[in-house]
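What follows is the content of entry13.txt (compact mmCIF, C-alpha atoms).
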# COMPACT_ATOMS: atom_id res chain seq x y z
CA MET A 1 20.40 34.99 1.05
CA LYS A 2 20.07 34.79 -2.73
CA GLN A 3 22.02 31.53 -2.73
CA LEU A 4 19.86 30.15 0.07
CA PHE A 5 16.75 31.04 -1.87
CA LYS A 6 18.04 29.30 -5.00
CA THR A 7 19.03 26.20 -3.07
CA THR A 8 15.69 26.06 -1.32
CA VAL A 9 13.77 26.38 -4.56
CA LEU A 10 15.78 23.55 -6.12
CA LEU A 11 15.27 21.42 -3.01
CA THR A 12 11.53 21.96 -3.05
CA LEU A 13 11.27 21.24 -6.76
CA PHE A 14 13.27 18.08 -6.20
CA PHE A 15 10.87 16.77 -3.56
CA THR A 16 7.92 17.83 -5.70
CA SER A 17 9.32 15.90 -8.65
CA ILE A 18 9.60 12.82 -6.46
CA SER A 19 5.99 13.22 -5.46
CA ILE A 20 4.84 13.43 -9.06
CA VAL A 21 6.83 10.48 -10.33
CA ASN A 22 5.89 8.46 -7.29
CA SER A 23 2.23 8.92 -8.01
CA GLU A 24 2.51 6.78 -11.13
CA GLU A 25 1.49 3.16 -11.03
CA SER A 26 4.02 1.11 -9.17
CA PHE A 27 6.20 -1.12 -11.29
CA ALA A 28 9.50 -2.66 -10.60
CA LEU A 29 12.37 -4.99 -11.41
CA LYS A 30 14.80 -3.33 -13.70
CA GLU A 31 14.30 -2.94 -17.39
CA ILE A 32 15.17 -0.78 -20.35
CA ARG A 33 12.48 1.78 -20.92
CA SER A 34 10.77 1.83 -24.30
CA THR A 35 7.98 3.87 -25.88
CA THR A 36 4.47 2.67 -26.60
CA ALA A 37 5.09 2.96 -30.34
CA ASN A 38 8.33 0.98 -30.26
CA LEU A 39 6.80 -1.72 -28.08
CA ALA A 40 3.83 -2.07 -30.42
CA ARG A 41 6.04 -2.21 -33.52
CA SER A 42 8.12 -5.05 -32.12
CA ALA A 43 5.23 -6.85 -30.43
CA ASP A 44 3.89 -10.21 -31.49
CA GLY A 45 0.43 -9.18 -30.48
CA VAL A 46 -1.67 -6.26 -29.29
CA VAL A 47 -5.17 -6.79 -27.96
CA LEU A 48 -7.95 -4.79 -26.40
CA ALA A 49 -9.20 -7.04 -23.63
CA ASN A 50 -11.44 -7.17 -20.61
CA CYS A 51 -10.34 -8.76 -17.33
CA VAL A 52 -12.52 -11.70 -16.37
CA LYS A 53 -10.74 -12.93 -13.24
CA SER A 54 -7.40 -13.03 -11.46
CA GLU A 55 -6.25 -15.64 -8.98
CA ALA A 56 -3.02 -16.79 -7.36
CA ARG A 57 -2.08 -20.47 -7.34
CA ILE A 58 0.93 -22.34 -6.07
CA ASP A 59 3.06 -24.44 -8.41
CA GLU A 60 3.56 -27.67 -6.51
CA GLU A 61 6.80 -28.53 -8.28
CA THR A 62 8.69 -25.32 -7.63
CA GLY A 63 6.78 -23.90 -4.70
CA LEU A 64 6.44 -20.69 -6.67
CA ILE A 65 3.19 -18.76 -6.60
CA PHE A 66 1.85 -17.50 -9.90
CA THR A 67 -1.01 -15.11 -10.50
CA TYR A 68 -3.19 -16.16 -13.44
CA THR A 69 -5.30 -13.43 -15.00
CA THR A 70 -7.90 -14.32 -17.61
CA PHE A 71 -8.96 -11.78 -20.24
CA LYS A 72 -11.74 -11.81 -22.80
CA VAL A 73 -10.27 -10.56 -26.06
CA ASP A 74 -12.51 -7.80 -27.43
CA GLU A 75 -10.35 -6.71 -30.35
CA LYS A 76 -7.20 -8.12 -31.92
CA LEU A 77 -5.08 -5.24 -33.13
CA LYS A 78 -2.08 -7.40 -33.97
CA GLY A 79 -1.46 -11.15 -33.89
CA GLU A 80 -3.77 -14.13 -33.77
CA TYR A 81 -5.46 -15.03 -30.51
CA GLY A 82 -8.52 -16.90 -29.39
CA ASP A 83 -11.44 -15.36 -27.54
CA GLU A 84 -9.57 -15.59 -24.27
CA ILE A 85 -5.99 -15.23 -23.10
CA VAL A 86 -4.39 -15.94 -19.74
CA LEU A 87 -1.36 -14.12 -18.35
CA ARG A 88 0.70 -16.11 -15.86
CA ILE A 89 3.07 -13.95 -13.83
CA VAL A 90 5.18 -14.99 -10.84
CA GLY A 91 4.10 -13.53 -7.51
CA GLY A 92 1.05 -13.49 -5.28
CA THR A 93 -0.30 -14.79 -1.98
CA VAL A 94 -1.64 -18.24 -1.16
CA GLY A 95 -2.45 -18.86 2.50
CA ASP A 96 0.33 -17.58 4.73
CA LYS A 97 2.88 -17.55 1.96
CA THR A 98 3.58 -14.62 -0.28
CA ILE A 99 5.99 -14.36 -3.15
CA SER A 100 6.77 -10.78 -3.74
CA SER A 101 7.80 -10.05 -7.23
CA PRO A 102 8.74 -6.38 -7.22
CA PHE A 103 6.33 -6.03 -10.06
CA LEU A 104 2.99 -7.72 -10.23
CA PRO A 105 0.36 -5.95 -12.27
CA ARG A 106 -2.99 -5.81 -10.58
CA PHE A 107 -6.10 -6.18 -12.65
CA THR A 108 -9.63 -5.67 -11.49
CA GLN A 109 -12.58 -7.62 -12.76
CA ASN A 110 -14.22 -6.04 -15.80
CA GLU A 111 -11.30 -3.68 -16.33
CA ASP A 112 -10.49 -2.83 -19.96
CA VAL A 113 -6.85 -2.91 -20.97
CA ILE A 114 -4.69 -2.88 -24.04
CA LEU A 115 -2.01 -5.55 -23.74
CA ILE A 116 1.17 -5.38 -25.79
CA LEU A 117 2.42 -8.95 -26.01
CA GLY A 118 5.57 -10.83 -26.86
CA PRO A 119 5.81 -14.44 -28.02
CA ASN A 120 4.33 -17.22 -25.89
CA ASN A 121 6.77 -18.64 -23.36
CA THR A 122 7.73 -22.33 -23.22
CA ARG A 123 4.79 -22.96 -20.87
CA GLY A 124 2.44 -21.75 -23.60
CA TYR A 125 1.41 -18.49 -21.98
CA PRO A 126 1.57 -15.13 -23.75
CA VAL A 127 3.83 -12.65 -22.02
CA LEU A 128 3.83 -8.90 -21.76
CA LYS A 129 6.29 -7.21 -24.09
CA SER A 130 7.27 -4.88 -21.28
CA LEU A 131 6.34 -4.86 -17.63
CA SER A 132 6.19 -1.10 -17.35
CA GLY A 133 4.84 -0.27 -20.79
CA GLY A 134 3.00 -3.40 -21.90
CA ILE A 135 -0.26 -2.58 -20.14
CA LEU A 136 -2.39 0.41 -21.06
CA ARG A 137 -5.40 0.95 -18.84
CA VAL A 138 -8.66 2.00 -20.47
CA GLU A 139 -11.36 3.92 -18.66
CA THR A 140 -14.65 5.60 -19.52
CA ASP A 141 -15.25 9.29 -18.94
CA ASP A 142 -18.44 10.93 -17.69
CA THR A 143 -19.83 11.14 -21.21
CA GLY A 144 -19.33 7.44 -21.85
CA VAL A 145 -16.30 7.87 -24.11
CA LYS A 146 -13.44 5.44 -23.56
CA TYR A 147 -9.92 6.76 -23.21
CA VAL A 148 -6.45 5.36 -22.50
CA LYS A 149 -5.62 6.35 -18.95
CA THR A 150 -1.97 5.29 -19.07
CA PRO A 151 0.28 8.01 -20.54
CA VAL A 152 1.21 7.20 -24.12
CA ASP A 153 4.85 7.63 -25.11
CA GLY A 154 6.32 8.18 -28.55
CA LEU A 155 3.10 7.77 -30.52
CA GLU A 156 1.68 10.57 -32.63
CA ILE A 157 -2.06 10.59 -32.02
CA ILE A 158 -4.23 10.99 -35.09
CA ASP A 159 -7.94 11.74 -34.92
CA SER A 160 -9.68 8.68 -36.37
CA LYS A 161 -12.46 10.79 -37.89
CA THR A 162 -10.60 13.76 -39.34
CA ASN A 163 -7.22 12.10 -39.89
CA GLN A 164 -5.70 15.22 -38.35
CA ARG A 165 -3.12 15.27 -35.61
CA ALA A 166 -4.81 15.26 -32.22
CA ALA A 167 -3.53 16.27 -28.84
CA GLY A 168 -2.57 13.44 -26.65
CA ARG A 169 -0.31 11.78 -24.23
CA ASP A 170 -2.65 11.65 -21.28
CA LYS A 171 -6.26 10.50 -21.55
CA VAL A 172 -6.05 9.69 -25.24
CA ASN A 173 -9.39 8.86 -26.87
CA LEU A 174 -9.44 5.08 -27.36
CA ASP A 175 -10.57 5.19 -30.99
CA ASN A 176 -7.84 7.70 -31.79
CA PHE A 177 -5.29 5.59 -29.95
CA ILE A 178 -6.16 2.41 -31.83
CA TYR A 179 -6.22 4.26 -35.13
CA SER A 180 -2.79 5.79 -34.41
CA LEU A 181 -1.33 2.53 -33.18
CA ASN A 182 -2.44 0.73 -36.32
CA GLU A 183 -0.56 3.34 -38.34
CA VAL A 184 2.80 2.41 -36.77
CA MET A 185 2.43 -1.36 -36.50
CA MET B 1 4.57 38.21 2.91
CA ASN B 2 8.08 39.51 2.71
CA ILE B 3 9.96 37.44 0.16
CA ARG B 4 12.86 37.18 2.59
CA TYR B 5 10.85 34.69 4.61
CA LEU B 6 9.97 32.53 1.62
CA PRO B 7 13.10 30.34 1.77
CA ILE B 8 12.50 29.68 5.45
CA LEU B 9 8.89 28.73 4.80
CA MET B 10 9.93 26.40 1.99
CA ILE B 11 12.52 24.73 4.18
CA MET B 12 9.85 24.18 6.82
CA LEU B 13 7.45 22.68 4.27
CA SER B 14 9.87 20.47 2.37
CA PRO B 15 10.03 17.68 5.00
CA PHE B 16 6.25 17.33 4.82
CA VAL B 17 6.48 16.90 1.08
CA ALA B 18 9.20 14.31 1.56
CA ILE B 19 7.47 12.32 4.27
CA GLN B 20 4.71 11.09 2.02
CA ASN B 21 7.34 9.50 -0.20
CA SER B 22 9.51 8.05 2.52
CA SER B 23 8.10 4.56 2.15
CA ALA B 24 9.00 4.55 -1.51
CA TYR B 25 12.66 4.01 -1.00
CA HIS B 26 13.16 1.77 1.91
CA ASN B 27 10.95 -1.22 1.39
CA LEU B 28 9.42 -3.50 -1.16
CA ASN B 29 6.50 -1.95 -2.92
CA ASN B 30 3.48 -3.11 -1.04
CA ILE B 31 1.64 -4.66 -3.90
CA PHE B 32 -0.62 -7.04 -2.09
CA GLU B 33 -1.97 -5.03 0.82
CA SER B 34 -3.07 -1.48 1.21
CA THR B 35 -1.02 -1.01 4.36
CA PHE B 36 2.70 -0.96 4.42
CA VAL B 37 4.64 -3.73 6.19
CA PHE B 38 8.38 -4.10 5.93
CA ARG B 39 9.67 -7.52 4.83
CA SER B 40 12.81 -8.13 6.76
CA LEU B 41 15.73 -10.48 6.39
CA PRO B 42 15.61 -12.99 9.24
CA GLY B 43 19.35 -12.76 9.69
CA MET B 44 22.51 -11.38 8.19
CA PRO B 45 24.66 -12.12 6.34
CA VAL B 46 22.80 -13.99 3.59
CA ASN B 47 24.44 -17.06 2.03
CA PHE B 48 23.85 -17.75 -1.65
CA GLU B 49 24.07 -20.73 -3.98
CA VAL B 50 25.30 -19.33 -7.29
CA ASP B 51 24.52 -20.72 -10.74
CA GLY B 52 27.36 -22.78 -12.18
CA GLY B 53 26.83 -21.39 -15.67
CA THR B 54 28.06 -18.21 -17.26
CA LEU B 55 26.55 -14.75 -17.12
CA GLY B 56 26.66 -12.76 -20.32
CA GLY B 57 29.24 -15.23 -21.52
CA GLY B 58 31.57 -14.43 -18.64
CA ASN B 59 32.24 -15.31 -15.04
CA GLY B 60 29.06 -14.50 -13.16
CA LEU B 61 30.49 -15.33 -9.76
CA THR B 62 32.93 -12.44 -10.06
CA ILE B 63 30.07 -10.05 -10.82
CA VAL B 64 28.10 -11.36 -7.84
CA GLN B 65 31.14 -10.96 -5.58
CA ASP B 66 31.61 -7.38 -6.80
CA ALA B 67 27.94 -6.69 -6.11
CA CYS B 68 28.29 -8.07 -2.59
CA ASP B 69 31.37 -5.93 -2.03
CA GLU B 70 29.41 -2.82 -2.97
CA TRP B 71 26.63 -3.56 -0.46
CA ASP B 72 29.03 -4.71 2.21
CA GLY B 73 31.06 -1.54 1.81
CA LEU B 74 28.24 0.58 3.21
CA PRO B 75 29.16 2.15 6.55
CA ASN B 76 27.38 1.32 9.80
CA VAL B 77 25.43 -1.58 8.31
CA PRO B 78 26.19 -5.29 8.90
CA ASN B 79 27.43 -7.24 5.90
CA PHE B 80 24.58 -8.37 3.66
CA CYS B 81 26.44 -11.15 1.85
CA GLY B 82 27.79 -14.30 3.42
CA ASN B 83 29.17 -17.34 1.61
CA LEU B 84 28.85 -17.57 -2.15
CA ASN B 85 28.84 -21.22 -3.10
CA GLN B 86 28.98 -21.81 -6.84
CA LEU B 87 27.03 -24.85 -7.99
CA GLU B 88 28.46 -27.28 -10.51
CA THR B 89 25.21 -27.22 -12.44
CA ASP B 90 24.27 -24.65 -15.07
CA ILE B 91 20.69 -23.66 -14.23
CA THR B 92 18.48 -23.46 -17.32
CA SER B 93 14.76 -23.42 -18.03
CA SER B 94 14.81 -27.22 -18.22
CA ASN B 95 16.17 -27.80 -14.71
CA PHE B 96 15.07 -24.60 -12.96
CA ASP B 97 11.97 -26.26 -11.47
CA SER B 98 13.95 -28.99 -9.78
CA ILE B 99 17.00 -26.99 -8.69
CA VAL B 100 15.40 -23.80 -7.43
CA PRO B 101 12.40 -24.79 -5.34
CA GLN B 102 11.14 -21.74 -3.51
CA ASN B 103 10.77 -21.82 0.24
CA ASP B 104 13.46 -24.43 0.85
CA GLY B 105 15.50 -21.81 2.70
CA VAL B 106 18.28 -21.94 0.12
CA ASN B 107 18.92 -18.58 -1.47
CA THR B 108 19.89 -18.86 -5.11
CA ILE B 109 21.31 -16.58 -7.78
CA VAL B 110 20.42 -17.75 -11.29
CA PHE B 111 22.16 -16.69 -14.50
CA ASP B 112 19.43 -16.87 -17.12
CA GLU B 113 21.74 -16.88 -20.13
CA ASN B 114 19.03 -16.88 -22.79
CA GLY B 115 16.25 -15.20 -20.83
CA SER B 116 13.94 -18.20 -21.09
CA ILE B 117 13.51 -18.71 -17.34
CA LEU B 118 12.34 -15.13 -16.91
CA ALA B 119 9.96 -15.58 -19.83
CA ASP B 120 8.55 -18.72 -18.20
CA LEU B 121 7.99 -16.72 -15.01
CA GLY B 122 5.98 -14.22 -17.05
CA VAL B 123 8.54 -11.43 -16.87
CA PRO B 124 10.46 -11.59 -20.16
CA GLY B 125 12.93 -9.01 -21.27
CA VAL B 126 13.69 -7.61 -17.85
CA LEU B 127 17.31 -7.17 -16.89
CA GLY B 128 16.84 -8.90 -13.57
CA LEU B 129 14.33 -10.09 -11.02
CA GLY B 130 14.62 -10.37 -7.26
CA LEU B 131 12.06 -12.73 -5.79
CA THR B 132 11.45 -12.93 -2.08
CA THR B 133 9.18 -15.41 -0.39
CA PHE B 134 7.95 -14.29 2.97
CA ASN B 135 5.61 -15.44 5.67
CA THR B 136 2.57 -13.24 5.39
CA ALA B 137 1.97 -13.26 9.15
CA SER B 138 5.50 -12.67 10.41
CA GLY B 139 6.73 -10.58 7.51
CA LEU B 140 10.03 -12.43 7.58
CA ILE B 141 11.69 -13.32 4.30
CA THR B 142 12.09 -17.08 4.08
CA ASP B 143 13.64 -17.54 0.66
CA ILE B 144 15.41 -15.47 -1.95
CA THR B 145 15.90 -16.09 -5.65
CA ILE B 146 17.70 -13.60 -7.85
CA LEU B 147 17.54 -14.04 -11.62
CA ILE B 148 19.84 -12.09 -13.91
CA ASN B 149 19.13 -11.91 -17.63
CA GLY B 150 22.33 -12.85 -19.45
CA SER B 151 20.79 -12.52 -22.89
CA ILE B 152 21.11 -8.74 -22.83
CA PRO B 153 24.79 -7.92 -23.39
CA SER B 154 26.35 -5.88 -20.63
CA SER B 155 26.97 -2.37 -21.89
CA ALA B 156 26.52 1.26 -20.98
CA SER B 157 22.86 0.77 -21.92
CA ALA B 158 22.29 -2.08 -19.47
CA ASP B 159 25.02 -3.06 -17.06
CA LEU B 160 25.07 -6.52 -15.52
CA LEU B 161 26.88 -5.52 -12.33
CA ALA B 162 24.52 -2.61 -11.73
CA THR B 163 21.61 -5.00 -12.26
CA VAL B 164 22.91 -7.56 -9.75
CA ILE B 165 23.40 -4.83 -7.14
CA HIS B 166 19.88 -3.56 -7.85
CA GLU B 167 18.23 -6.99 -7.53
CA MET B 168 20.14 -7.71 -4.32
CA GLY B 169 18.63 -4.52 -2.94
CA HIS B 170 15.15 -5.91 -3.60
CA THR B 171 15.96 -9.08 -1.74
CA TRP B 172 17.16 -7.10 1.27
CA GLY B 173 13.63 -5.66 1.24
CA PHE B 174 14.20 -2.37 -0.55
CA ALA B 175 11.76 -0.94 -3.05
CA HIS B 176 12.32 1.13 -6.11
CA VAL B 177 13.31 4.76 -5.93
CA PRO B 178 11.67 7.32 -8.19
CA ILE B 179 14.54 9.78 -7.78
CA GLY B 180 16.00 10.36 -11.20
CA GLY B 181 12.72 9.70 -12.92
CA ILE B 182 12.70 13.21 -14.24
CA ASN B 183 15.79 12.30 -16.20
CA THR B 184 14.35 9.30 -17.85
CA THR B 185 10.59 9.01 -17.76
CA ASN B 186 9.66 12.39 -19.09
CA SER B 187 11.07 15.74 -19.98
CA VAL B 188 8.93 18.13 -18.02
CA ASP B 189 10.40 21.58 -18.34
CA GLY B 190 11.20 23.47 -15.23
CA PHE B 191 12.36 20.64 -13.06
CA ASP B 192 15.92 20.40 -11.94
CA ARG B 193 17.57 17.34 -13.43
CA ILE B 194 19.91 15.55 -11.11
CA SER B 195 23.17 14.22 -12.39
CA PRO B 196 22.86 10.66 -13.77
CA SER B 197 25.72 9.70 -11.49
CA ALA B 198 23.53 10.60 -8.51
CA ILE B 199 20.59 8.39 -9.51
CA PRO B 200 20.22 5.69 -6.85
CA THR B 201 20.94 2.10 -7.82
CA MET B 202 17.39 1.18 -6.78
CA TYR B 203 16.01 3.28 -9.65
CA PRO B 204 13.83 0.86 -11.68
CA PHE B 205 15.20 1.50 -15.15
CA ALA B 206 18.58 1.27 -16.76
CA ILE B 207 20.07 4.75 -16.54
CA PRO B 208 19.93 5.87 -20.17
CA GLN B 209 22.93 8.17 -19.94
CA ASP B 210 25.10 5.29 -18.71
CA ASP B 211 23.81 2.39 -16.67
CA ARG B 212 27.26 1.83 -15.20
CA PHE B 213 26.45 4.70 -12.83
CA GLY B 214 24.33 2.06 -11.07
CA ARG B 215 27.46 0.22 -9.99
CA THR B 216 27.86 2.54 -7.03
CA LEU B 217 25.29 2.89 -4.31
CA GLU B 218 24.11 6.42 -3.66
CA ASN B 219 23.04 8.22 -0.52
CA ASP B 220 19.44 7.16 -0.96
CA ASP B 221 20.46 3.49 -1.14
CA LEU B 222 22.56 3.99 1.97
CA GLY B 223 19.57 5.62 3.65
CA ALA B 224 17.45 2.57 2.98
CA ALA B 225 20.11 0.27 4.41
CA LEU B 226 20.68 2.39 7.50
CA LEU B 227 17.00 2.84 8.18
CA ASN B 228 16.26 -0.88 8.08
CA TYR B 229 19.51 -2.53 9.15
CA GLY B 230 21.57 0.23 10.72
CA PRO B 231 22.38 0.77 14.39
Spell out the structure here as structure tokens.
Amino acid sequence: MKQLFKTTVLLTLFFTSISIVNSEESFALKEIRSTTANLARSADGVVLANCVKSEARIDEETGLIFTYTTFKVDEKLKGEYGDEIVLRIVGGTVGDKTISSPFLPRFTQNEDVILILGPNNTRGYPVLKSLSGGILRVETDDTGVKYVKTPVDGLEIIDSKTNQRAAGRDKVNLDNFIYSLNEVM
Amino acid sequence: MNIRYLPILMIMLSPFVAIQNSSAYHNLNNIFESTFVFRSLPGMPVNFEVDGGTLGGGNGLTIVQDACDEWDGLPNVPNFCGNLNQLETDITSSNFDSIVPQNDGVNTIVFDENGSILADLGVPGVLGLGLTTFNTASGLITDITILINGSIPSSASADLLATVIHEMGHTWGFAHVPIGGINTTNSVDGFDRISPSAIPTMYPFAIPQDDRFGRTLENDDLGAALLNYGP
């Protein structure tokens, strides 16, 4: 009976762990996981941006569908960019045809994000440094304070006002996040 | 309640916890619609045109064949792989557009030796990408392109064979599996950590302990295959 109890507890915890991990934003392909701090250190650019629009278009030459998402750059934390950047990522739906990239980030109009970027590709578009960690979603709480919704990995959060260590992995205050990120870049 | 009945209660509840996650492991993530629709292969086995270039400096065709053997070794499931026809041409970023048109019904495996094709597609730095084109109305897959990043040396940190097997799984219609995430995405105390060797191949990250564990399909991968293509 004791063994059965132990097994059952482990089984239940196992399913619960699946539930928790599964509730994270869906991302895919296969890649090597990296922390927010490491991505930012090695990035060519980091920007705080606001999504203007997102649309899928078909490339006549290849037949591939790409989703183009336009962002207004609100703050350049690293790298040189204009007032606007466009991400072009394979995948999307046009008419009755869908190209399913296992990962296609979805952006909503007027959404604030921090994008961690690599060098421009040969087509001239900036690319995300990482598909799973290169996008940090920013939201506003009930009091009007902006925070980073995406869990932050491997970055010590420092309070931008007191310069003291602040708690944070989930819902990190945006000012504190930017201040801390600047410290490691 | 008498604690003796607790294990029985937990056994009764555990399937309900599992059911909500069942779609996670047997199909492509539904990223375009809010409702779940399985994207199915129109027929099996699947024939592939294989890049004539190298993969990680070596013979990519051998790796692809080994990947096919792993999928085709699953019990009670028809063979996934058919003919592997190696092209004479080395597919690069400069000829990718003309050689790999999507939706021509020719399924292609591309060895992206310097990672530039993946960067052009907007997905740089990934180990691999499995693209499926499907008819939105019928749900049938009409074209497959698998791209493998040869610029990341195959090692225990990121294994090429494990990556090819993983991307093939996507093109059969299988989604990612979160099982094993507790090992790699966080370190929450109190959760039981499964053995890295038991992490399914459809797990979305290189297995940090040793990605070569991804060379063998696990029970969860078999479950996805049986559920969608089994008897």
Region 54-71 of chain A surroundings by all atoms listed in the file, 6 Å radius, close-in-sequence under 5 positions cut, as a PyMOL selection string: (chain A and resi 49+84-92) or (chain B and resi 97+101-102)
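The spacing separating CA of Val184 (chain A) from CA of Pro208 (chain B) amounts to 24.1 Å.
A straight line drawn from CA of Leu115 (chain A) to CA of Asp112 (chain B) is 25.1 Å long.
Between CA of His176 (chain B) and CA of Leu129 (chain B) lies a distance of 12.4 Å.
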Could you produce a table of the residues of chain B lying within 6 Å of chain A, with the nearest pair of atoms per residue and their separation in Å rounded to one decimal, using all atoms listed in the file, ordered by chain and increasing residue number, as a tab-separated table?
residue	atom	partner	partner_atom	distance
B:Pro7	CA	A:Phe5	CA	5.2
B:Ser14	CA	A:Thr12	CA	5.9
B:Ala18	CA	A:Phe15	CA	5.9
B:Asp97	CA	A:Thr62	CA	5.1
B:Pro101	CA	A:Thr62	CA	4.4
B:Gln102	CA	A:Gly63	CA	5.0
B:Ala119	CA	A:Asn121	CA	5.7
B:Asp120	CA	A:Asn121	CA	5.5
B:Leu121	CA	A:Val90	CA	5.3
B:Gly122	CA	A:Ile89	CA	4.3
B:Val126	CA	A:Glu31	CA	4.7
B:Leu127	CA	A:Glu31	CA	5.2
B:Gly128	CA	A:Lys30	CA	5.9
B:Leu129	CA	A:Leu29	CA	5.5
B:Leu131	CA	A:Ser101	CA	5.2
B:Thr132	CA	A:Ser100	CA	5.4
B:Thr133	CA	A:Ile99	CA	4.3
B:Phe134	CA	A:Thr98	CA	5.5
B:Asn135	CA	A:Lys97	CA	5.1
B:Thr136	CA	A:Asp96	CA	4.9
B:Pro178	CA	A:Asn22	CA	6.0
B:Ile179	CA	A:Ile18	CA	5.9
B:Pro204	CA	A:Lys30	CA	4.8
B:Phe205	CA	A:Glu31	CA	5.1
B:Ala206	CA	A:Ile32	CA	5.4
Would you save the residues of that selection, restricted to C-alpha atoms, as a tab-separated table (two decimals), keeping the file's coordinate frame?
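Output below, filename part-v7.tsv:
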chain	number	residue	atom	x	y	z
B	7	PRO	CA	13.10	30.34	1.77
B	14	SER	CA	9.87	20.47	2.37
B	18	ALA	CA	9.20	14.31	1.56
B	97	ASP	CA	11.97	-26.26	-11.47
B	101	PRO	CA	12.40	-24.79	-5.34
B	102	GLN	CA	11.14	-21.74	-3.51
B	119	ALA	CA	9.96	-15.58	-19.83
B	120	ASP	CA	8.55	-18.72	-18.20
B	121	LEU	CA	7.99	-16.72	-15.01
B	122	GLY	CA	5.98	-14.22	-17.05
B	126	VAL	CA	13.69	-7.61	-17.85
B	127	LEU	CA	17.31	-7.17	-16.89
B	128	GLY	CA	16.84	-8.90	-13.57
B	129	LEU	CA	14.33	-10.09	-11.02
B	131	LEU	CA	12.06	-12.73	-5.79
B	132	THR	CA	11.45	-12.93	-2.08
B	133	THR	CA	9.18	-15.41	-0.39
B	134	PHE	CA	7.95	-14.29	2.97
B	135	ASN	CA	5.61	-15.44	5.67
B	136	THR	CA	2.57	-13.24	5.39
B	178	PRO	CA	11.67	7.32	-8.19
B	179	ILE	CA	14.54	9.78	-7.78
B	204	PRO	CA	13.83	0.86	-11.68
B	205	PHE	CA	15.20	1.50	-15.15
B	206	ALA	CA	18.58	1.27	-16.76
Using all atoms listed in the file, give me every residue within 9 Å of (21.7, 2.2, -6.9) in file coordinates, as an MDAnalysis selection string. chainID B and resid 162:163 165:166 169 177 198:203 213:221
Nearby residues (only C-alpha atoms) at most 12 Å from region 50-57 of chain B, same-chain spacing under 5 positions excluded, as a count of residues only: 48
Mind checking which residues fall within 9 Å of Asn110 (chain A), counting only C-alpha atoms, ignoring those fewer than 4 positions away in the same chain, and posting them as an MDAnalysis selection string? chainID A and resid 50:53 71
I want to know what sits within 10 Å of Glu183 (chain A), based on all atoms listed in the file, with residues of the same chain fewer than 5 positions away left out; could you give that as a list of chain:residue names? A:Ala37, A:Arg41, A:Leu155, A:Glu156, A:Ile157, A:Ile158, A:Phe177, A:Ile178
Reconstructed N, CA and C atoms for region 50-61 of chain A, given as a PDB file, keeping the file's coordinate frame:
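Here's the written file selection.pdb:
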ATOM      1  N   ASN A  50     -10.701  -7.463 -21.834  1.00  0.00           N
ATOM      2  CA  ASN A  50     -11.440  -7.170 -20.610  1.00  0.00           C
ATOM      3  C   ASN A  50     -11.108  -8.243 -19.575  1.00  0.00           C
ATOM      4  N   CYS A  51     -10.746  -7.805 -18.377  1.00  0.00           N
ATOM      5  CA  CYS A  51     -10.340  -8.760 -17.330  1.00  0.00           C
ATOM      6  C   CYS A  51     -11.550  -9.527 -16.801  1.00  0.00           C
ATOM      7  N   VAL A  52     -11.453 -10.842 -16.852  1.00  0.00           N
ATOM      8  CA  VAL A  52     -12.520 -11.700 -16.370  1.00  0.00           C
ATOM      9  C   VAL A  52     -12.281 -12.089 -14.908  1.00  0.00           C
ATOM     10  N   LYS A  53     -11.057 -12.543 -14.632  1.00  0.00           N
ATOM     11  CA  LYS A  53     -10.740 -12.930 -13.240  1.00  0.00           C
ATOM     12  C   LYS A  53      -9.236 -12.988 -13.060  1.00  0.00           C
ATOM     13  N   SER A  54      -8.820 -12.943 -11.792  1.00  0.00           N
ATOM     14  CA  SER A  54      -7.400 -13.030 -11.460  1.00  0.00           C
ATOM     15  C   SER A  54      -7.267 -13.819 -10.170  1.00  0.00           C
ATOM     16  N   GLU A  55      -6.409 -14.835 -10.188  1.00  0.00           N
ATOM     17  CA  GLU A  55      -6.250 -15.640  -8.980  1.00  0.00           C
ATOM     18  C   GLU A  55      -4.822 -16.158  -8.861  1.00  0.00           C
ATOM     19  N   ALA A  56      -4.361 -16.283  -7.621  1.00  0.00           N
ATOM     20  CA  ALA A  56      -3.020 -16.790  -7.360  1.00  0.00           C
ATOM     21  C   ALA A  56      -3.082 -18.277  -7.039  1.00  0.00           C
ATOM     22  N   ARG A  57      -2.157 -19.035  -7.620  1.00  0.00           N
ATOM     23  CA  ARG A  57      -2.080 -20.470  -7.340  1.00  0.00           C
ATOM     24  C   ARG A  57      -0.619 -20.856  -7.132  1.00  0.00           C
ATOM     25  N   ILE A  58      -0.425 -21.889  -6.350  1.00  0.00           N
ATOM     26  CA  ILE A  58       0.930 -22.340  -6.070  1.00  0.00           C
ATOM     27  C   ILE A  58       1.320 -23.459  -7.032  1.00  0.00           C
ATOM     28  N   ASP A  59       2.534 -23.388  -7.541  1.00  0.00           N
ATOM     29  CA  ASP A  59       3.060 -24.440  -8.410  1.00  0.00           C
ATOM     30  C   ASP A  59       3.708 -25.483  -7.500  1.00  0.00           C
ATOM     31  N   GLU A  60       3.120 -26.659  -7.475  1.00  0.00           N
ATOM     32  CA  GLU A  60       3.560 -27.670  -6.510  1.00  0.00           C
ATOM     33  C   GLU A  60       5.019 -28.075  -6.734  1.00  0.00           C
ATOM     34  N   GLU A  61       5.453 -28.057  -7.974  1.00  0.00           N
ATOM     35  CA  GLU A  61       6.800 -28.530  -8.280  1.00  0.00           C
ATOM     36  C   GLU A  61       7.881 -27.569  -7.777  1.00  0.00           C
TER      37      GLU A  61
END
